[in-house]
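Undergrad: File run.cif below, mmCIF, C-alpha atoms:
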```
data_structure
loop_
_atom_site.label_atom_id
_atom_site.label_comp_id
_atom_site.auth_asym_id
_atom_site.auth_seq_id
_atom_site.Cartn_x
_atom_site.Cartn_y
_atom_site.Cartn_z
CA MET A 1102 0.00 0.00 0.00
CA THR A 1103 2.86 2.40 0.73
CA GLN A 1104 4.28 2.05 -2.78
CA LEU A 1105 0.84 2.07 -4.38
CA MET A 1106 -0.18 5.26 -2.59
CA ALA A 1107 3.03 6.98 -3.70
CA ILE A 1108 2.24 6.16 -7.34
CA CYS A 1109 -1.43 7.13 -7.12
CA THR A 1110 -0.93 10.30 -5.11
CA SER A 1111 1.62 11.62 -7.60
CA ARG A 1112 -0.91 11.10 -10.39
CA SER A 1113 -4.04 12.19 -8.49
CA ILE A 1114 -5.55 8.70 -8.79
CA PRO A 1115 -8.11 7.96 -6.05
CA VAL A 1116 -7.59 4.73 -4.11
CA ILE A 1117 -10.40 2.62 -2.66
CA GLU A 1118 -9.24 -0.08 -0.24
CA ASP A 1119 -11.07 -3.41 -0.13
CA CYS A 1120 -10.62 -4.35 3.54
CA ALA A 1121 -13.25 -7.09 3.65
CA GLN A 1122 -10.76 -9.66 4.97
CA ALA A 1123 -8.37 -7.33 6.77
CA HIS A 1124 -10.13 -6.09 9.92
CA GLY A 1125 -7.38 -4.98 12.28
CA ALA A 1126 -4.48 -5.57 9.88
CA VAL A 1127 -1.56 -3.16 10.20
CA MET A 1128 1.14 -2.10 7.74
CA ALA A 1129 3.83 0.49 8.40
CA GLY A 1130 2.06 1.38 11.65
CA ARG A 1131 -1.25 2.13 9.92
CA LYS A 1132 -4.51 0.20 9.98
CA ALA A 1133 -6.04 -1.25 6.85
CA GLY A 1134 -8.55 1.25 5.50
CA THR A 1135 -6.54 4.36 6.36
CA PHE A 1136 -4.23 4.48 3.34
CA GLY A 1137 -6.61 5.30 0.50
CA ASP A 1138 -9.32 7.85 -0.02
CA LEU A 1139 -11.75 5.41 1.56
CA GLY A 1140 -11.80 1.85 2.87
CA CYS A 1141 -14.62 -0.67 2.53
CA PHE A 1142 -15.30 -3.30 5.19
CA SER A 1143 -17.61 -6.29 5.05
CA PHE A 1144 -19.26 -7.59 8.22
CA TYR A 1145 -20.50 -10.85 6.76
CA PRO A 1146 -20.68 -13.36 9.67
CA THR A 1147 -17.53 -15.27 8.61
CA LYS A 1148 -15.29 -12.19 8.56
CA ASN A 1149 -12.79 -11.45 11.33
CA LEU A 1150 -15.36 -8.94 12.58
CA GLY A 1151 -18.72 -10.36 11.57
CA ALA A 1152 -22.29 -9.32 12.26
CA LEU A 1153 -25.34 -11.55 12.79
CA GLY A 1154 -26.17 -11.04 9.12
CA ASP A 1155 -25.00 -9.02 6.16
CA GLY A 1156 -23.51 -5.61 6.75
CA GLY A 1157 -20.66 -3.31 5.82
CA ALA A 1158 -19.09 0.08 6.41
CA ILE A 1159 -17.01 2.70 4.65
CA VAL A 1160 -14.28 4.64 6.44
CA THR A 1161 -12.72 7.87 5.23
CA SER A 1162 -11.00 10.96 6.58
CA ASN A 1163 -12.26 13.07 3.67
CA SER A 1164 -15.27 15.14 4.73
CA ASP A 1165 -16.55 15.57 1.16
CA ILE A 1166 -16.48 11.81 0.51
CA SER A 1167 -18.08 11.18 3.89
CA GLU A 1168 -20.97 13.54 3.09
CA ARG A 1169 -21.45 11.99 -0.35
CA VAL A 1170 -21.45 8.41 0.97
CA ARG A 1171 -23.87 9.29 3.78
CA SER A 1172 -26.25 10.66 1.17
CA LEU A 1173 -25.84 7.73 -1.22
CA ARG A 1174 -26.57 5.18 1.51
CA GLN A 1175 -30.03 6.72 1.97
CA TYR A 1176 -31.57 7.25 -1.46
CA GLY A 1177 -29.31 10.20 -2.30
CA TRP A 1178 -31.24 12.41 0.12
CA LYS A 1179 -30.05 15.82 1.24
CA ASN A 1180 -33.13 16.24 3.39
CA LYS A 1181 -35.94 13.76 3.98
CA TYR A 1182 -37.69 12.95 0.68
CA GLN A 1183 -35.41 15.38 -1.21
CA ILE A 1184 -33.17 13.42 -3.59
CA MET A 1185 -30.16 15.50 -4.59
CA MET A 1186 -27.82 12.77 -5.81
CA ARG A 1187 -28.27 10.07 -8.43
CA GLY A 1188 -27.27 6.50 -7.63
CA GLY A 1189 -28.54 6.49 -4.06
CA ARG A 1190 -29.95 3.37 -2.46
CA ASN A 1191 -31.24 1.98 0.81
CA SER A 1192 -27.92 0.79 2.21
CA ARG A 1193 -27.94 1.68 5.89
CA LEU A 1194 -26.35 -0.67 8.42
CA ASP A 1195 -29.15 -2.06 10.57
CA GLU A 1196 -28.90 -0.82 14.16
CA MET A 1197 -29.18 -4.33 15.58
CA GLN A 1198 -26.17 -5.37 13.50
CA ALA A 1199 -24.30 -2.22 14.57
CA ALA A 1200 -24.96 -2.96 18.25
CA PHE A 1201 -23.75 -6.53 17.82
CA LEU A 1202 -20.59 -5.35 16.04
CA ARG A 1203 -19.92 -2.70 18.68
CA VAL A 1204 -19.64 -5.44 21.32
CA LYS A 1205 -17.58 -7.78 19.14
CA LEU A 1206 -15.16 -5.00 18.16
CA ARG A 1207 -13.69 -5.09 21.68
CA TYR A 1208 -12.44 -8.62 21.01
CA LEU A 1209 -11.12 -8.17 17.47
CA ASP A 1210 -7.44 -7.83 18.41
CA GLU A 1211 -7.66 -10.82 20.75
CA TRP A 1212 -9.31 -12.95 18.07
CA ASN A 1213 -6.73 -11.88 15.48
CA ILE A 1214 -3.95 -12.93 17.83
CA ARG A 1215 -5.54 -16.36 18.12
CA ARG A 1216 -5.87 -16.60 14.33
CA ARG A 1217 -2.16 -15.85 13.97
CA GLU A 1218 -1.35 -18.50 16.55
CA ILE A 1219 -3.31 -21.07 14.55
CA ALA A 1220 -1.64 -20.03 11.29
CA THR A 1221 1.80 -20.22 12.92
CA ARG A 1222 1.06 -23.70 14.28
CA TYR A 1223 0.04 -24.86 10.82
CA LYS A 1224 3.10 -23.27 9.23
CA LEU A 1225 5.47 -24.95 11.68
CA LEU A 1226 3.89 -28.41 11.86
CA LEU A 1227 2.36 -29.11 8.45
CA ASP A 1228 4.86 -31.38 6.71
CA ASN A 1229 3.73 -32.98 3.47
CA SER A 1230 5.72 -32.63 0.24
CA LYS A 1231 2.47 -32.52 -1.77
CA VAL A 1232 1.17 -29.50 0.17
CA THR A 1233 2.59 -25.98 -0.08
CA VAL A 1234 2.10 -23.89 3.05
CA PRO A 1235 1.91 -20.06 2.85
CA VAL A 1236 4.60 -17.94 4.48
CA HIS A 1237 3.43 -15.01 6.60
CA GLU A 1238 6.14 -12.77 7.99
CA CYS A 1239 4.08 -9.75 9.08
CA GLU A 1240 3.18 -9.71 12.77
CA SER A 1241 -0.03 -7.88 11.99
CA TYR A 1242 -1.31 -10.49 9.51
CA VAL A 1243 -4.89 -11.25 10.58
CA ALA A 1244 -5.17 -14.82 9.21
CA HIS A 1245 -8.68 -14.48 7.82
CA LEU A 1246 -7.98 -17.69 5.90
CA PHE A 1247 -5.19 -20.27 5.93
CA VAL A 1248 -4.79 -21.30 2.31
CA VAL A 1249 -2.49 -24.12 1.21
CA ARG A 1250 -1.74 -25.30 -2.32
CA CYS A 1251 -2.04 -28.87 -3.52
CA VAL A 1252 -1.92 -30.18 -7.09
CA ASP A 1253 -4.09 -33.17 -6.15
CA ARG A 1254 -6.54 -31.00 -4.26
CA GLU A 1255 -9.61 -33.21 -4.55
CA ALA A 1256 -7.79 -36.17 -3.05
CA LEU A 1257 -6.72 -34.04 -0.08
CA ARG A 1258 -10.25 -32.72 0.32
CA GLU A 1259 -11.58 -36.26 0.42
CA ARG A 1260 -8.99 -37.18 3.05
CA LEU A 1261 -10.07 -34.24 5.19
CA ARG A 1262 -13.76 -34.99 4.76
CA ALA A 1263 -13.19 -38.61 5.77
CA ALA A 1264 -11.59 -37.32 8.98
CA GLY A 1265 -14.58 -35.05 9.64
CA ILE A 1266 -12.60 -31.88 8.89
CA GLY A 1267 -14.30 -29.05 7.04
CA ASN A 1268 -12.50 -27.23 4.24
CA ASP A 1269 -13.34 -24.93 1.36
CA ILE A 1270 -11.97 -23.31 -1.79
CA HIS A 1271 -11.61 -19.52 -1.81
CA TYR A 1272 -12.24 -19.14 -4.70
CA PRO A 1273 -12.76 -21.86 -7.34
CA ILE A 1274 -13.60 -19.63 -10.35
CA PRO A 1275 -11.32 -16.74 -11.36
CA ASP A 1276 -13.23 -13.50 -11.88
CA HIS A 1277 -12.42 -13.30 -15.59
CA HIS A 1278 -13.95 -16.77 -16.06
CA GLN A 1279 -17.25 -16.03 -14.33
CA PRO A 1280 -20.15 -17.03 -16.64
CA GLY A 1281 -22.05 -13.81 -16.04
CA TRP A 1282 -19.17 -11.71 -17.39
CA ARG A 1283 -18.42 -13.61 -20.60
CA ASP A 1284 -19.71 -10.81 -22.80
CA LEU A 1285 -17.56 -8.14 -21.12
CA PRO A 1286 -14.22 -6.87 -22.49
CA GLY A 1287 -11.32 -8.78 -21.01
CA SER A 1288 -13.21 -12.00 -20.37
CA ASP A 1289 -10.88 -13.75 -22.83
CA LEU A 1290 -7.76 -12.68 -20.95
CA SER A 1291 -5.12 -15.27 -20.15
CA LEU A 1292 -4.03 -15.07 -16.49
CA PRO A 1293 -2.06 -18.31 -16.12
CA ILE A 1294 -0.96 -17.86 -12.50
CA THR A 1295 -4.49 -17.01 -11.34
CA GLU A 1296 -5.91 -19.92 -13.32
CA GLN A 1297 -3.37 -22.39 -11.92
CA LEU A 1298 -3.86 -21.21 -8.33
CA SER A 1299 -7.64 -21.58 -8.63
CA LYS A 1300 -7.06 -25.30 -9.27
CA GLU A 1301 -4.72 -25.79 -6.29
CA ILE A 1302 -5.82 -23.58 -3.39
CA LEU A 1303 -7.56 -25.05 -0.35
CA SER A 1304 -8.57 -23.31 2.89
CA LEU A 1305 -8.01 -25.21 6.12
CA PRO A 1306 -10.01 -24.43 9.29
CA CYS A 1307 -8.82 -21.17 10.84
CA TYR A 1308 -11.03 -19.31 13.31
CA PRO A 1309 -10.53 -18.12 16.93
CA GLU A 1310 -12.69 -20.83 18.53
CA LEU A 1311 -10.58 -23.64 17.05
CA ARG A 1312 -9.05 -25.71 19.87
CA ASP A 1313 -5.44 -26.91 19.89
CA ASP A 1314 -6.51 -30.54 19.69
CA GLU A 1315 -8.63 -29.72 16.65
CA ILE A 1316 -5.69 -27.96 15.01
CA ASP A 1317 -3.55 -31.02 15.67
CA ALA A 1318 -6.21 -33.23 14.10
CA VAL A 1319 -6.04 -31.15 10.91
CA ILE A 1320 -2.25 -31.38 10.93
CA ARG A 1321 -2.32 -35.16 11.39
CA ALA A 1322 -4.82 -35.56 8.55
CA VAL A 1323 -2.73 -33.49 6.14
CA ASN A 1324 0.63 -34.99 7.16
CA GLY A 1325 -0.74 -38.52 7.06
CA TRP A 1326 -2.19 -38.14 3.58
#
```
Take the structure from the file and write it as structure tokens.
TA:
Amino acid sequence: MTQLMAICTSRSIPVIEDCAQAHGAVMAGRKAGTFGDLGCFSFYPTKNLGALGDGGAIVTSNSDISERVRSLRQYGWKNKYQIMMRGGRNSRLDEMQAAFLRVKLRYLDEWNIRRREIATRYKLLLDNSKVTVPVHECESYVAHLFVVRCVDREALRERLRAAGIGNDIHYPIPDHHQPGWRDLPGSDLSLPITEQLSKEILSLPCYPELRDDEIDAVIRAVNGW
């Protein structure tokens, strides 16, 4: 982000940060969402900071952007029933979700520490030549997911399922291959690294409530495969 902001600032290019999987992450002493013109957070229940249902928020230090976003989230109103801005919608965060998130926010750093502990345990103890483990050097990595690579992914998935261990693929279809976008420019792009990774990536269980014995069970299943 530091290098990107230097490039964009010098060219007056606005930067919007997608922080949906980075709640609490830090780089160069700054929190995710504070580098660009605005940052977007998702509060989907599986995120590091998740609500009871769908939700999201935008953060910005720019008063003009803040005023514009506040209007857009409520029909484009300036005053009640007075639409002054096109593109507005009903996109307010429900107050019940906000109250739930306000309580959970107190525990975000603690939960992120636990996520890092789990990721570190995996990194140190997973030992299978057919499985590539990610390397995370940053102390402020928030371990939203722990994603390994495996050429024979389906066989590993079956091994995990047989051991009663949940797993998932984030994400199986590259964006430029999504069926709904086939008629858009760029849909015929060749992105060989993205396409290869989409065939190999596999997310192992990684969430704060995961017990040490459960982590060890995942490790045994992968190492014994």
Undergrad: So, counting all atoms listed in the file, which residue among A:Cys1239, A:Ile1294, A:Val1232, A:Leu1150 is closest to Asp1253 of chain A?
TA: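 Smallest distance to Asp1253 of chain A is found for A:Val1232.
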Undergrad: Of the candidates A:Arg1222, A:His1245, A:Lys1181, A:Lys1132, which one gets nearest to Asp1317 of chain A if we count all atoms listed in the file?
TA: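 Smallest distance to Asp1317 of chain A is found for A:Arg1222.
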Undergrad: Which residues, written as a ChimeraX atom specification, have at least one atom at most 8 Å from Glu1118 of chain A, with only C-alpha atoms counted and residues fewer than 3 positions away on the same chain left out?
TA: /A:1133-1134,1136-1141
Undergrad: I need the residue nearest Thr1147 of chain A from this list: A:Phe1247, A:Trp1178, A:Trp1326, A:Tyr1308. Use all atoms listed in the file for the distance.
TA: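 Distance minimum relative to Thr1147 of chain A lands on A:Tyr1308.
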Undergrad: Find the spatial neighbours of Gly1154 of chain A, counting all atoms listed in the file, within a cut-off of 10 Å - ignore same-chain residues fewer than 3 positions away - and output them as JSON, numbers by chain.
TA: {"A": [1144, 1145, 1146, 1147, 1151, 1195, 1197, 1198]}
Undergrad: Any chance you could export the current selection's C-alpha atoms as a JSON list (two decimals), in the coordinates of the input?
TA:
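Contents of selection.json, freshly written:
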```
[["chain", "number", "residue", "atom", "x", "y", "z"],
["A", 1144, "PHE", "CA", -19.26, -7.59, 8.22],
["A", 1145, "TYR", "CA", -20.50, -10.85, 6.76],
["A", 1146, "PRO", "CA", -20.68, -13.36, 9.67],
["A", 1147, "THR", "CA", -17.53, -15.27, 8.61],
["A", 1151, "GLY", "CA", -18.72, -10.36, 11.57],
["A", 1195, "ASP", "CA", -29.15, -2.06, 10.57],
["A", 1197, "MET", "CA", -29.18, -4.33, 15.58],
["A", 1198, "GLN", "CA", -26.17, -5.37, 13.50]]
```
Undergrad: Would you mind putting back N, CA and C atoms on segment 1287-1313 of chain A, then writing it out as a JSON list (two decimals), keeping the file's coordinate frame?
TA:
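This is the output file result_20.json:
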```json
[["chain", "number", "residue", "atom", "x", "y", "z"],
["A", 1287, "GLY", "N", -12.30, -8.21, -21.91],
["A", 1287, "GLY", "CA", -11.32, -8.78, -21.01],
["A", 1287, "GLY", "C", -11.64, -10.17, -20.53],
["A", 1288, "SER", "N", -12.83, -10.67, -20.84],
["A", 1288, "SER", "CA", -13.21, -12.00, -20.37],
["A", 1288, "SER", "C", -12.38, -13.10, -21.03],
["A", 1289, "ASP", "N", -11.71, -12.77, -22.14],
["A", 1289, "ASP", "CA", -10.88, -13.75, -22.83],
["A", 1289, "ASP", "C", -9.41, -13.61, -22.45],
["A", 1290, "LEU", "N", -9.14, -12.85, -21.41],
["A", 1290, "LEU", "CA", -7.76, -12.68, -20.95],
["A", 1290, "LEU", "C", -7.15, -14.02, -20.53],
["A", 1291, "SER", "N", -5.84, -14.12, -20.68],
["A", 1291, "SER", "CA", -5.12, -15.27, -20.15],
["A", 1291, "SER", "C", -4.35, -14.82, -18.92],
["A", 1292, "LEU", "N", -4.72, -15.36, -17.75],
["A", 1292, "LEU", "CA", -4.03, -15.07, -16.49],
["A", 1292, "LEU", "C", -3.56, -16.41, -15.93],
["A", 1293, "PRO", "N", -2.46, -16.94, -16.44],
["A", 1293, "PRO", "CA", -2.06, -18.31, -16.12],
["A", 1293, "PRO", "C", -1.79, -18.59, -14.65],
["A", 1294, "ILE", "N", -1.24, -17.62, -13.93],
["A", 1294, "ILE", "CA", -0.96, -17.86, -12.50],
["A", 1294, "ILE", "C", -2.27, -17.94, -11.72],
["A", 1295, "THR", "N", -3.18, -16.99, -11.99],
["A", 1295, "THR", "CA", -4.49, -17.01, -11.34],
["A", 1295, "THR", "C", -5.21, -18.31, -11.64],
["A", 1296, "GLU", "N", -5.19, -18.72, -12.91],
["A", 1296, "GLU", "CA", -5.91, -19.92, -13.32],
["A", 1296, "GLU", "C", -5.33, -21.18, -12.68],
["A", 1297, "GLN", "N", -3.99, -21.23, -12.55],
["A", 1297, "GLN", "CA", -3.37, -22.39, -11.92],
["A", 1297, "GLN", "C", -3.67, -22.42, -10.42],
["A", 1298, "LEU", "N", -3.58, -21.27, -9.77],
["A", 1298, "LEU", "CA", -3.86, -21.21, -8.33],
["A", 1298, "LEU", "C", -5.29, -21.63, -8.03],
["A", 1299, "SER", "N", -6.23, -21.24, -8.88],
["A", 1299, "SER", "CA", -7.64, -21.58, -8.63],
["A", 1299, "SER", "C", -7.87, -23.09, -8.62],
["A", 1300, "LYS", "N", -6.95, -23.84, -9.23],
["A", 1300, "LYS", "CA", -7.06, -25.30, -9.27],
["A", 1300, "LYS", "C", -6.36, -25.97, -8.10],
["A", 1301, "GLU", "N", -5.55, -25.20, -7.34],
["A", 1301, "GLU", "CA", -4.72, -25.79, -6.29],
["A", 1301, "GLU", "C", -5.06, -25.33, -4.88],
["A", 1302, "ILE", "N", -5.64, -24.15, -4.72],
["A", 1302, "ILE", "CA", -5.82, -23.58, -3.39],
["A", 1302, "ILE", "C", -6.88, -24.33, -2.57],
["A", 1303, "LEU", "N", -6.63, -24.40, -1.28],
["A", 1303, "LEU", "CA", -7.56, -25.05, -0.35],
["A", 1303, "LEU", "C", -7.43, -24.39, 1.02],
["A", 1304, "SER", "N", -8.56, -23.97, 1.58],
["A", 1304, "SER", "CA", -8.57, -23.31, 2.89],
["A", 1304, "SER", "C", -8.79, -24.34, 3.99],
["A", 1305, "LEU", "N", -7.87, -24.36, 4.94],
["A", 1305, "LEU", "CA", -8.01, -25.21, 6.12],
["A", 1305, "LEU", "C", -8.73, -24.44, 7.22],
["A", 1306, "PRO", "N", -9.31, -25.13, 8.20],
["A", 1306, "PRO", "CA", -10.01, -24.43, 9.29],
["A", 1306, "PRO", "C", -9.10, -23.42, 9.99],
["A", 1307, "CYS", "N", -9.59, -22.21, 10.16],
["A", 1307, "CYS", "CA", -8.82, -21.17, 10.84],
["A", 1307, "CYS", "C", -9.78, -20.13, 11.38],
["A", 1308, "TYR", "N", -10.13, -20.27, 12.66],
["A", 1308, "TYR", "CA", -11.03, -19.31, 13.31],
["A", 1308, "TYR", "C", -10.73, -19.36, 14.81],
["A", 1309, "PRO", "N", -10.99, -18.26, 15.53],
["A", 1309, "PRO", "CA", -10.53, -18.12, 16.93],
["A", 1309, "PRO", "C", -10.98, -19.23, 17.86],
["A", 1310, "GLU", "N", -12.15, -19.82, 17.61],
["A", 1310, "GLU", "CA", -12.69, -20.83, 18.53],
["A", 1310, "GLU", "C", -12.06, -22.21, 18.33],
["A", 1311, "LEU", "N", -11.21, -22.36, 17.34],
["A", 1311, "LEU", "CA", -10.58, -23.64, 17.05],
["A", 1311, "LEU", "C", -9.65, -24.03, 18.20],
["A", 1312, "ARG", "N", -9.86, -25.24, 18.75],
["A", 1312, "ARG", "CA", -9.05, -25.71, 19.87],
["A", 1312, "ARG", "C", -7.73, -26.30, 19.37],
["A", 1313, "ASP", "N", -6.74, -26.36, 20.27],
["A", 1313, "ASP", "CA", -5.44, -26.91, 19.89],
["A", 1313, "ASP", "C", -5.54, -28.36, 19.43]]
```
